[in-house]
>>> print(open('data-v1.pdb').read())   # PDB, N, CA and C atoms
ATOM      1  N   MET L 681      90.751  84.680  56.470
ATOM      2  CA  MET L 681      90.924  85.816  57.359
ATOM      3  C   MET L 681      89.585  86.275  57.943
ATOM      4  N   LYS L 682      88.549  86.261  57.094
ATOM      5  CA  LYS L 682      87.238  86.692  57.561
ATOM      6  C   LYS L 682      86.727  85.806  58.692
ATOM      7  N   ILE L 683      87.016  84.531  58.624
ATOM      8  CA  ILE L 683      86.537  83.605  59.667
ATOM      9  C   ILE L 683      87.126  83.962  61.020
ATOM     10  N   TRP L 684      88.397  84.390  61.042
ATOM     11  CA  TRP L 684      89.043  84.766  62.302
ATOM     12  C   TRP L 684      88.432  86.041  62.876
ATOM     13  N   VAL L 685      88.122  86.977  62.014
ATOM     14  CA  VAL L 685      87.503  88.224  62.472
ATOM     15  C   VAL L 685      86.118  87.932  63.052
ATOM     16  N   TRP L 686      85.327  87.149  62.337
ATOM     17  CA  TRP L 686      83.983  86.817  62.835
ATOM     18  C   TRP L 686      84.045  85.965  64.098
ATOM     19  N   THR L 687      85.037  85.091  64.199
ATOM     20  CA  THR L 687      85.211  84.296  65.416
ATOM     21  C   THR L 687      85.554  85.199  66.588
ATOM     22  N   ALA L 688      86.440  86.162  66.371
ATOM     23  CA  ALA L 688      86.810  87.101  67.439
ATOM     24  C   ALA L 688      85.611  87.940  67.863
ATOM     25  N   ILE L 689      84.826  88.398  66.897
ATOM     26  CA  ILE L 689      83.628  89.184  67.215
ATOM     27  C   ILE L 689      82.633  88.344  68.005
ATOM     28  N   LEU L 690      82.415  87.114  67.594
ATOM     29  CA  LEU L 690      81.485  86.220  68.296
ATOM     30  C   LEU L 690      81.949  85.935  69.721
ATOM     31  N   LEU L 691      83.232  85.634  69.881
ATOM     32  CA  LEU L 691      83.752  85.356  71.224
ATOM     33  C   LEU L 691      83.677  86.586  72.128
ATOM     34  N   THR L 692      83.952  87.758  71.571
ATOM     35  CA  THR L 692      83.838  88.997  72.340
ATOM     36  C   THR L 692      82.398  89.229  72.780
ATOM     37  N   ALA L 693      81.459  89.008  71.878
ATOM     38  CA  ALA L 693      80.042  89.184  72.211
ATOM     39  C   ALA L 693      79.602  88.189  73.283
ATOM     40  N   LEU L 694      80.027  86.943  73.156
ATOM     41  CA  LEU L 694      79.675  85.930  74.166
ATOM     42  C   LEU L 694      80.260  86.275  75.523
ATOM     43  N   TRP L 695      81.548  86.662  75.540
ATOM     44  CA  TRP L 695      82.189  87.010  76.810
ATOM     45  C   TRP L 695      81.527  88.227  77.438
ATOM     46  N   SER L 696      81.166  89.199  76.618
ATOM     47  CA  SER L 696      80.490  90.397  77.136
ATOM     48  C   SER L 696      79.160  90.021  77.756
ATOM     49  N   GLY L 697      78.427  89.138  77.116
ATOM     50  CA  GLY L 697      77.160  88.672  77.673
ATOM     51  C   GLY L 697      77.346  87.986  79.011
ATOM     52  N   VAL L 698      78.337  87.113  79.089
ATOM     53  CA  VAL L 698      78.625  86.418  80.354
ATOM     54  C   VAL L 698      78.977  87.429  81.433
ATOM     55  N   TRP L 699      79.819  88.407  81.094
ATOM     56  CA  TRP L 699      80.223  89.391  82.089
ATOM     57  C   TRP L 699      79.034  90.216  82.571
ATOM     58  N   PHE L 700      78.207  90.689  81.656
ATOM     59  CA  PHE L 700      77.065  91.515  82.053
ATOM     60  C   PHE L 700      76.054  90.730  82.878
ATOM     61  N   ILE L 701      75.852  89.477  82.571
ATOM     62  CA  ILE L 701      74.970  88.631  83.393
ATOM     63  C   ILE L 701      75.571  88.448  84.783
ATOM     64  N   GLY L 702      76.873  88.202  84.844
ATOM     65  CA  GLY L 702      77.548  88.048  86.135
ATOM     66  C   GLY L 702      77.513  89.320  86.963
ATOM     67  N   ALA L 703      77.713  90.469  86.325
ATOM     68  CA  ALA L 703      77.676  91.749  87.040
ATOM     69  C   ALA L 703      76.284  92.023  87.585
ATOM     70  N   ALA L 704      75.272  91.776  86.771
ATOM     71  CA  ALA L 704      73.892  91.982  87.235
ATOM     72  C   ALA L 704      73.561  91.027  88.377
ATOM     73  N   GLY L 705      74.018  89.793  88.276
ATOM     74  CA  GLY L 705      73.790  88.821  89.346
ATOM     75  C   GLY L 705      74.480  89.214  90.638
ATOM     76  N   THR L 706      75.698  89.716  90.532
ATOM     77  CA  THR L 706      76.441  90.161  91.706
ATOM     78  C   THR L 706      75.696  91.288  92.418
ATOM     79  N   GLU L 707      75.261  92.282  91.649
ATOM     80  CA  GLU L 707      74.517  93.395  92.244
ATOM     81  C   GLU L 707      73.202  92.914  92.856
ATOM     82  N   ARG L 708      72.540  91.982  92.187
ATOM     83  CA  ARG L 708      71.262  91.474  92.692
ATOM     84  C   ARG L 708      71.449  90.745  94.023
ATOM     85  N   VAL L 709      72.445  89.885  94.108
ATOM     86  CA  VAL L 709      72.685  89.123  95.335
ATOM     87  C   VAL L 709      73.010  90.055  96.501
ATOM     88  N   ILE L 710      73.858  91.036  96.263
ATOM     89  CA  ILE L 710      74.206  91.983  97.327
ATOM     90  C   ILE L 710      72.986  92.810  97.720
ATOM     91  N   GLY L 711      72.215  93.249  96.731
ATOM     92  CA  GLY L 711      70.998  94.003  97.019
ATOM     93  C   GLY L 711      69.986  93.203  97.819
ATOM     94  N   VAL L 712      69.827  91.928  97.487
ATOM     95  CA  VAL L 712      68.910  91.055  98.238
ATOM     96  C   VAL L 712      69.399  90.882  99.667
ATOM     97  N   TRP L 713      70.715  90.708  99.859
ATOM     98  CA  TRP L 713      71.247  90.556 101.212
ATOM     99  C   TRP L 713      70.962  91.809 102.035
ATOM    100  N   LEU L 714      71.184  92.979 101.445
ATOM    101  CA  LEU L 714      70.927  94.231 102.165
ATOM    102  C   LEU L 714      69.435  94.379 102.482
ATOM    103  N   THR L 715      68.574  94.020 101.548
ATOM    104  CA  THR L 715      67.131  94.084 101.768
ATOM    105  C   THR L 715      66.705  93.099 102.862
ATOM    106  N   ASP L 716      67.290  91.917 102.867
ATOM    107  CA  ASP L 716      66.992  90.936 103.925
ATOM    108  C   ASP L 716      67.393  91.459 105.298
ATOM    109  N   ARG L 717      68.550  92.112 105.388
ATOM    110  CA  ARG L 717      68.960  92.682 106.676
ATOM    111  C   ARG L 717      67.956  93.746 107.109
ATOM    112  N   GLU L 718      67.504  94.561 106.175
ATOM    113  CA  GLU L 718      66.542  95.609 106.497
ATOM    114  C   GLU L 718      65.219  95.010 106.976
ATOM    115  N   SER L 719      64.792  93.922 106.346
ATOM    116  CA  SER L 719      63.547  93.277 106.779
ATOM    117  C   SER L 719      63.707  92.580 108.126
ATOM    118  N   ASP L 720      64.946  92.284 108.517
ATOM    119  CA  ASP L 720      65.221  91.722 109.844
ATOM    120  C   ASP L 720      65.268  92.794 110.923
ATOM    121  N   GLY L 721      65.077  94.059 110.534
ATOM    122  CA  GLY L 721      65.062  95.140 111.508
ATOM    123  C   GLY L 721      66.330  95.964 111.547
ATOM    124  N   TRP L 722      67.276  95.654 110.702
ATOM    125  CA  TRP L 722      68.514  96.416 110.664
ATOM    126  C   TRP L 722      68.272  97.778 110.023
ATOM    127  N   VAL L 723      69.149  98.715 110.342
ATOM    128  CA  VAL L 723      69.187  99.990 109.640
ATOM    129  C   VAL L 723      70.160  99.802 108.481
ATOM    130  N   VAL L 724      69.676  99.990 107.256
ATOM    131  CA  VAL L 724      70.498  99.806 106.060
ATOM    132  C   VAL L 724      70.342 101.046 105.188
ATOM    133  N   ASN L 725      71.440 101.771 105.015
ATOM    134  CA  ASN L 725      71.454 102.941 104.136
ATOM    135  C   ASN L 725      72.702 102.885 103.286
ATOM    136  N   TYR L 726      72.545 103.196 102.004
ATOM    137  CA  TYR L 726      73.702 103.339 101.128
ATOM    138  C   TYR L 726      73.329 104.246  99.974
ATOM    139  N   ASN L 727      74.345 104.902  99.431
ATOM    140  CA  ASN L 727      74.120 105.860  98.362
ATOM    141  C   ASN L 727      74.042 105.181  96.999
ATOM    142  N   SER L 728      74.975 104.274  96.718
ATOM    143  CA  SER L 728      74.966 103.600  95.421
ATOM    144  C   SER L 728      75.599 102.222  95.523
ATOM    145  N   LEU L 729      75.176 101.363  94.609
ATOM    146  CA  LEU L 729      75.691 100.000  94.493
ATOM    147  C   LEU L 729      75.968  99.783  93.013
ATOM    148  N   ASN L 730      77.256  99.692  92.646
ATOM    149  CA  ASN L 730      77.646  99.568  91.243
ATOM    150  C   ASN L 730      78.702  98.492  91.070
ATOM    151  N   THR L 731      78.632  97.802  89.931
ATOM    152  CA  THR L 731      79.637  96.795  89.587
ATOM    153  C   THR L 731      80.294  97.182  88.276
ATOM    154  N   GLY L 732      81.612  97.156  88.266
ATOM    155  CA  GLY L 732      82.397  97.438  87.069
ATOM    156  C   GLY L 732      83.487  96.392  86.947
ATOM    157  N   GLY L 733      84.529  96.719  86.208
ATOM    158  CA  GLY L 733      85.662  95.817  86.089
ATOM    159  C   GLY L 733      85.704  95.018  84.802
ATOM    160  N   TYR L 734      84.854  95.381  83.851
ATOM    161  CA  TYR L 734      84.842  94.668  82.580
ATOM    162  C   TYR L 734      86.226  94.727  81.954
ATOM    163  N   PRO L 735      86.788  93.687  81.435
ATOM    164  CA  PRO L 735      86.189  92.422  81.053
ATOM    165  C   PRO L 735      86.526  91.247  81.962
ATOM    166  N   ASN L 736      87.438  91.415  82.914
ATOM    167  CA  ASN L 736      87.935  90.236  83.640
ATOM    168  C   ASN L 736      87.609  90.179  85.119
ATOM    169  N   ARG L 737      86.995  91.196  85.672
ATOM    170  CA  ARG L 737      86.750  91.227  87.111
ATOM    171  C   ARG L 737      85.352  91.753  87.390
ATOM    172  N   PHE L 738      84.893  91.462  88.590
ATOM    173  CA  PHE L 738      83.676  92.084  89.099
ATOM    174  C   PHE L 738      84.095  92.935  90.295
ATOM    175  N   ASN L 739      84.157  94.244  90.102
ATOM    176  CA  ASN L 739      84.513  95.181  91.161
ATOM    177  C   ASN L 739      83.233  95.879  91.600
ATOM    178  N   THR L 740      82.722  95.485  92.753
ATOM    179  CA  THR L 740      81.465  96.042  93.245
ATOM    180  C   THR L 740      81.768  97.045  94.341
ATOM    181  N   ARG L 741      81.189  98.238  94.194
ATOM    182  CA  ARG L 741      81.391  99.309  95.179
ATOM    183  C   ARG L 741      80.049  99.732  95.746
ATOM    184  N   ILE L 742      80.012  99.806  97.073
ATOM    185  CA  ILE L 742      78.855 100.352  97.766
ATOM    186  C   ILE L 742      79.345 101.623  98.439
ATOM    187  N   GLU L 743      78.744 102.746  98.067
ATOM    188  CA  GLU L 743      79.207 104.029  98.583
ATOM    189  C   GLU L 743      78.293 104.532  99.689
ATOM    190  N   GLU L 744      78.942 105.146 100.699
ATOM    191  CA  GLU L 744      78.258 105.744 101.853
ATOM    192  C   GLU L 744      77.290 104.754 102.501
ATOM    193  N   ILE L 745      77.844 103.653 102.975
ATOM    194  CA  ILE L 745      77.028 102.589 103.547
ATOM    195  C   ILE L 745      76.975 102.689 105.070
ATOM    196  N   THR L 746      75.795 102.430 105.594
ATOM    197  CA  THR L 746      75.569 102.350 107.035
ATOM    198  C   THR L 746      74.777 101.084 107.308
ATOM    199  N   LEU L 747      75.305 100.245 108.189
ATOM    200  CA  LEU L 747      74.603  99.050 108.643
ATOM    201  C   LEU L 747      74.541  99.090 110.159
ATOM    202  N   ALA L 748      73.375  98.812 110.696
ATOM    203  CA  ALA L 748      73.247  98.799 112.156
ATOM    204  C   ALA L 748      72.202  97.767 112.555
ATOM    205  N   ASP L 749      72.556  96.973 113.557
ATOM    206  CA  ASP L 749      71.634  95.984 114.114
ATOM    207  C   ASP L 749      71.203  96.475 115.489
ATOM    208  N   PRO L 750      69.998  97.048 115.603
ATOM    209  CA  PRO L 750      69.557  97.592 116.891
ATOM    210  C   PRO L 750      69.437  96.529 117.987
ATOM    211  N   GLU L 751      69.220  95.292 117.597
ATOM    212  CA  GLU L 751      69.066  94.214 118.575
ATOM    213  C   GLU L 751      70.354  93.945 119.346
ATOM    214  N   THR L 752      71.495  93.990 118.644
ATOM    215  CA  THR L 752      72.781  93.711 119.294
ATOM    216  C   THR L 752      73.578  94.979 119.596
ATOM    217  N   GLY L 753      73.173  96.099 118.986
ATOM    218  CA  GLY L 753      73.911  97.337 119.181
ATOM    219  C   GLY L 753      75.099  97.491 118.246
ATOM    220  N   TRP L 754      75.245  96.571 117.312
ATOM    221  CA  TRP L 754      76.355  96.615 116.369
ATOM    222  C   TRP L 754      76.031  97.612 115.260
ATOM    223  N   ALA L 755      77.015  98.425 114.874
ATOM    224  CA  ALA L 755      76.827  99.376 113.778
ATOM    225  C   ALA L 755      78.135  99.541 113.015
ATOM    226  N   TRP L 756      77.998  99.829 111.739
ATOM    227  CA  TRP L 756      79.170 100.009 110.895
ATOM    228  C   TRP L 756      78.851 101.067 109.842
ATOM    229  N   VAL L 757      79.778 102.011 109.672
ATOM    230  CA  VAL L 757      79.622 103.100 108.697
ATOM    231  C   VAL L 757      80.914 103.185 107.892
ATOM    232  N   ALA L 758      80.780 103.357 106.566
ATOM    233  CA  ALA L 758      81.967 103.492 105.714
ATOM    234  C   ALA L 758      81.645 104.396 104.535
ATOM    235  N   ASP L 759      82.645 105.139 104.100
ATOM    236  CA  ASP L 759      82.485 105.963 102.903
ATOM    237  C   ASP L 759      82.333 105.086 101.667
ATOM    238  N   GLU L 760      83.067 103.958 101.679
ATOM    239  CA  GLU L 760      83.028 103.058 100.533
ATOM    240  C   GLU L 760      83.376 101.647 100.991
ATOM    241  N   PHE L 761      82.668 100.673 100.437
ATOM    242  CA  PHE L 761      82.970  99.274 100.671
ATOM    243  C   PHE L 761      83.114  98.626  99.310
ATOM    244  N   ALA L 762      84.231  97.932  99.081
ATOM    245  CA  ALA L 762      84.496  97.357  97.774
ATOM    246  C   ALA L 762      84.690  95.850  97.875
ATOM    247  N   LEU L 763      84.062  95.132  96.958
ATOM    248  CA  LEU L 763      84.238  93.697  96.809
ATOM    249  C   LEU L 763      84.843  93.467  95.429
ATOM    250  N   GLN L 764      85.924  92.694  95.370
ATOM    251  CA  GLN L 764      86.576  92.425  94.086
ATOM    252  C   GLN L 764      86.701  90.930  93.900
ATOM    253  N   SER L 765      86.222  90.463  92.758
ATOM    254  CA  SER L 765      86.360  89.042  92.452
ATOM    255  C   SER L 765      86.755  88.861  90.993
ATOM    256  N   PRO L 766      87.686  87.958  90.755
ATOM    257  CA  PRO L 766      88.132  87.728  89.368
ATOM    258  C   PRO L 766      87.094  86.956  88.569
TER     259      PRO L 766
END
>>> encode(input="data-v1.pdb", output="structure tokens")
Amino acid sequence: MKIWVWTAILLTALWSGVWFIGAAGTERVIGVWLTDRESDGWVVNYNSLNTGGYPNRFNTRIEEITLADPETGWAWVADEFALQSP
């Protein structure tokens, strides 16, 4: 019986590690993309960038986001933008 409990604890710890690495990677990639747009001359403003959804999903929310490309005149504003991936 003890082996099953320790196996469950080990698998939970491993899965949690995988999820937290994936969540951090997701936020990093989105943050880099936004920073790249800003370095290209875009207007990039957002209030927060958070990833949740543990244990089976990556639900990333960007709140109060504004993107604008002065070169083309394109602009986009939203209270919230959500990306969901299993």
>>> resolve_selection(input="data-v1.pdb", expression="the PyMOL selection byres ((chain L and resi 738) around 6)", output="PyMOL selection string")
chain L and resi 731-733+736-737+739-740+763-766
>>> closest_residue(input="data-v1.pdb", among="L:Ala688, L:Val724, L:Ile701, L:Leu729", to="L:Ala755", atoms="only C-alpha atoms")
L:Val724
>>> axis_aligned_box(input="data-v1.pdb", around="stretch 708-717 of chain L", padding_each_side="4 Å", output="lines of an AutoDock Vina configuration file")
center_x = 70.5
center_y = 91.8
center_z = 99.6
size_x = 15.5
size_y = 13.3
size_z = 22.9
>>> residues_around(input="data-v1.pdb", residues="L:Leu747", least_positions_apart="6", cutoff="7 Å", atoms="all atoms listed in the file", output="ChimeraX atom specification")
/L:722-725,754-758
>>> atom_distance(input="data-v1.pdb", atom1="atom N of L:Ile742", atom2="atom CA of L:Trp695")
24.1 Å
>>> atom_distance(input="data-v1.pdb", atom1="atom N of L:Trp699", atom2="atom CA of L:Glu743")
23.5 Å
>>> build_atoms(input="data-v1.pdb", residues="stretch 695-706 of chain L", atoms="all heavy atoms", output="compact mmCIF listing (two decimals), in the coordinates of the input")
# COMPACT_ATOMS: atom_id res chain seq x y z
N TRP L 695 81.55 86.66 75.54
CA TRP L 695 82.19 87.01 76.81
C TRP L 695 81.53 88.23 77.44
O TRP L 695 81.32 88.27 78.65
CB TRP L 695 83.68 87.26 76.62
CG TRP L 695 84.33 87.54 77.94
CD1 TRP L 695 84.76 88.75 78.40
CD2 TRP L 695 84.58 86.62 78.99
NE1 TRP L 695 85.28 88.62 79.67
CE2 TRP L 695 85.17 87.31 80.05
CE3 TRP L 695 84.36 85.24 79.13
CZ2 TRP L 695 85.54 86.70 81.24
CZ3 TRP L 695 84.74 84.63 80.31
CH2 TRP L 695 85.32 85.36 81.34
N SER L 696 81.17 89.20 76.62
CA SER L 696 80.49 90.40 77.14
C SER L 696 79.16 90.02 77.76
O SER L 696 78.80 90.52 78.82
CB SER L 696 80.28 91.41 76.01
OG SER L 696 81.52 91.88 75.54
N GLY L 697 78.43 89.14 77.12
CA GLY L 697 77.16 88.67 77.67
C GLY L 697 77.35 87.99 79.01
O GLY L 697 76.60 88.24 79.96
N VAL L 698 78.34 87.11 79.09
CA VAL L 698 78.62 86.42 80.35
C VAL L 698 78.98 87.43 81.43
O VAL L 698 78.50 87.35 82.57
CB VAL L 698 79.77 85.39 80.16
CG1 VAL L 698 80.29 84.89 81.50
CG2 VAL L 698 79.30 84.24 79.30
N TRP L 699 79.82 88.41 81.09
CA TRP L 699 80.22 89.39 82.09
C TRP L 699 79.03 90.22 82.57
O TRP L 699 78.86 90.42 83.77
CB TRP L 699 81.31 90.32 81.55
CG TRP L 699 81.83 91.21 82.63
CD1 TRP L 699 82.86 90.93 83.49
CD2 TRP L 699 81.31 92.48 83.03
NE1 TRP L 699 83.01 91.96 84.39
CE2 TRP L 699 82.07 92.92 84.12
CE3 TRP L 699 80.29 93.28 82.57
CZ2 TRP L 699 81.85 94.13 84.75
CZ3 TRP L 699 80.05 94.49 83.20
CH2 TRP L 699 80.83 94.90 84.27
N PHE L 700 78.21 90.69 81.66
CA PHE L 700 77.06 91.52 82.05
C PHE L 700 76.05 90.73 82.88
O PHE L 700 75.49 91.25 83.84
CB PHE L 700 76.40 92.16 80.84
CG PHE L 700 77.18 93.33 80.31
CD1 PHE L 700 77.85 93.24 79.10
CD2 PHE L 700 77.28 94.51 81.03
CE1 PHE L 700 78.58 94.31 78.61
CE2 PHE L 700 78.02 95.58 80.56
CZ PHE L 700 78.67 95.48 79.34
N ILE L 701 75.85 89.48 82.57
CA ILE L 701 74.97 88.63 83.39
C ILE L 701 75.57 88.45 84.78
O ILE L 701 74.88 88.54 85.79
CB ILE L 701 74.72 87.28 82.70
CG1 ILE L 701 73.83 87.48 81.47
CG2 ILE L 701 74.09 86.28 83.66
CD1 ILE L 701 73.73 86.28 80.57
N GLY L 702 76.87 88.20 84.84
CA GLY L 702 77.55 88.05 86.14
C GLY L 702 77.51 89.32 86.96
O GLY L 702 77.30 89.29 88.18
N ALA L 703 77.71 90.47 86.32
CA ALA L 703 77.68 91.75 87.04
C ALA L 703 76.28 92.02 87.58
O ALA L 703 76.13 92.44 88.74
CB ALA L 703 78.12 92.88 86.12
N ALA L 704 75.27 91.78 86.77
CA ALA L 704 73.89 91.98 87.24
C ALA L 704 73.56 91.03 88.38
O ALA L 704 72.91 91.42 89.35
CB ALA L 704 72.92 91.80 86.08
N GLY L 705 74.02 89.79 88.28
CA GLY L 705 73.79 88.82 89.35
C GLY L 705 74.48 89.21 90.64
O GLY L 705 73.92 89.07 91.73
N THR L 706 75.70 89.72 90.53
CA THR L 706 76.44 90.16 91.71
C THR L 706 75.70 91.29 92.42
O THR L 706 75.50 91.25 93.64
CB THR L 706 77.85 90.63 91.30
OG1 THR L 706 78.55 89.53 90.71
CG2 THR L 706 78.63 91.14 92.49
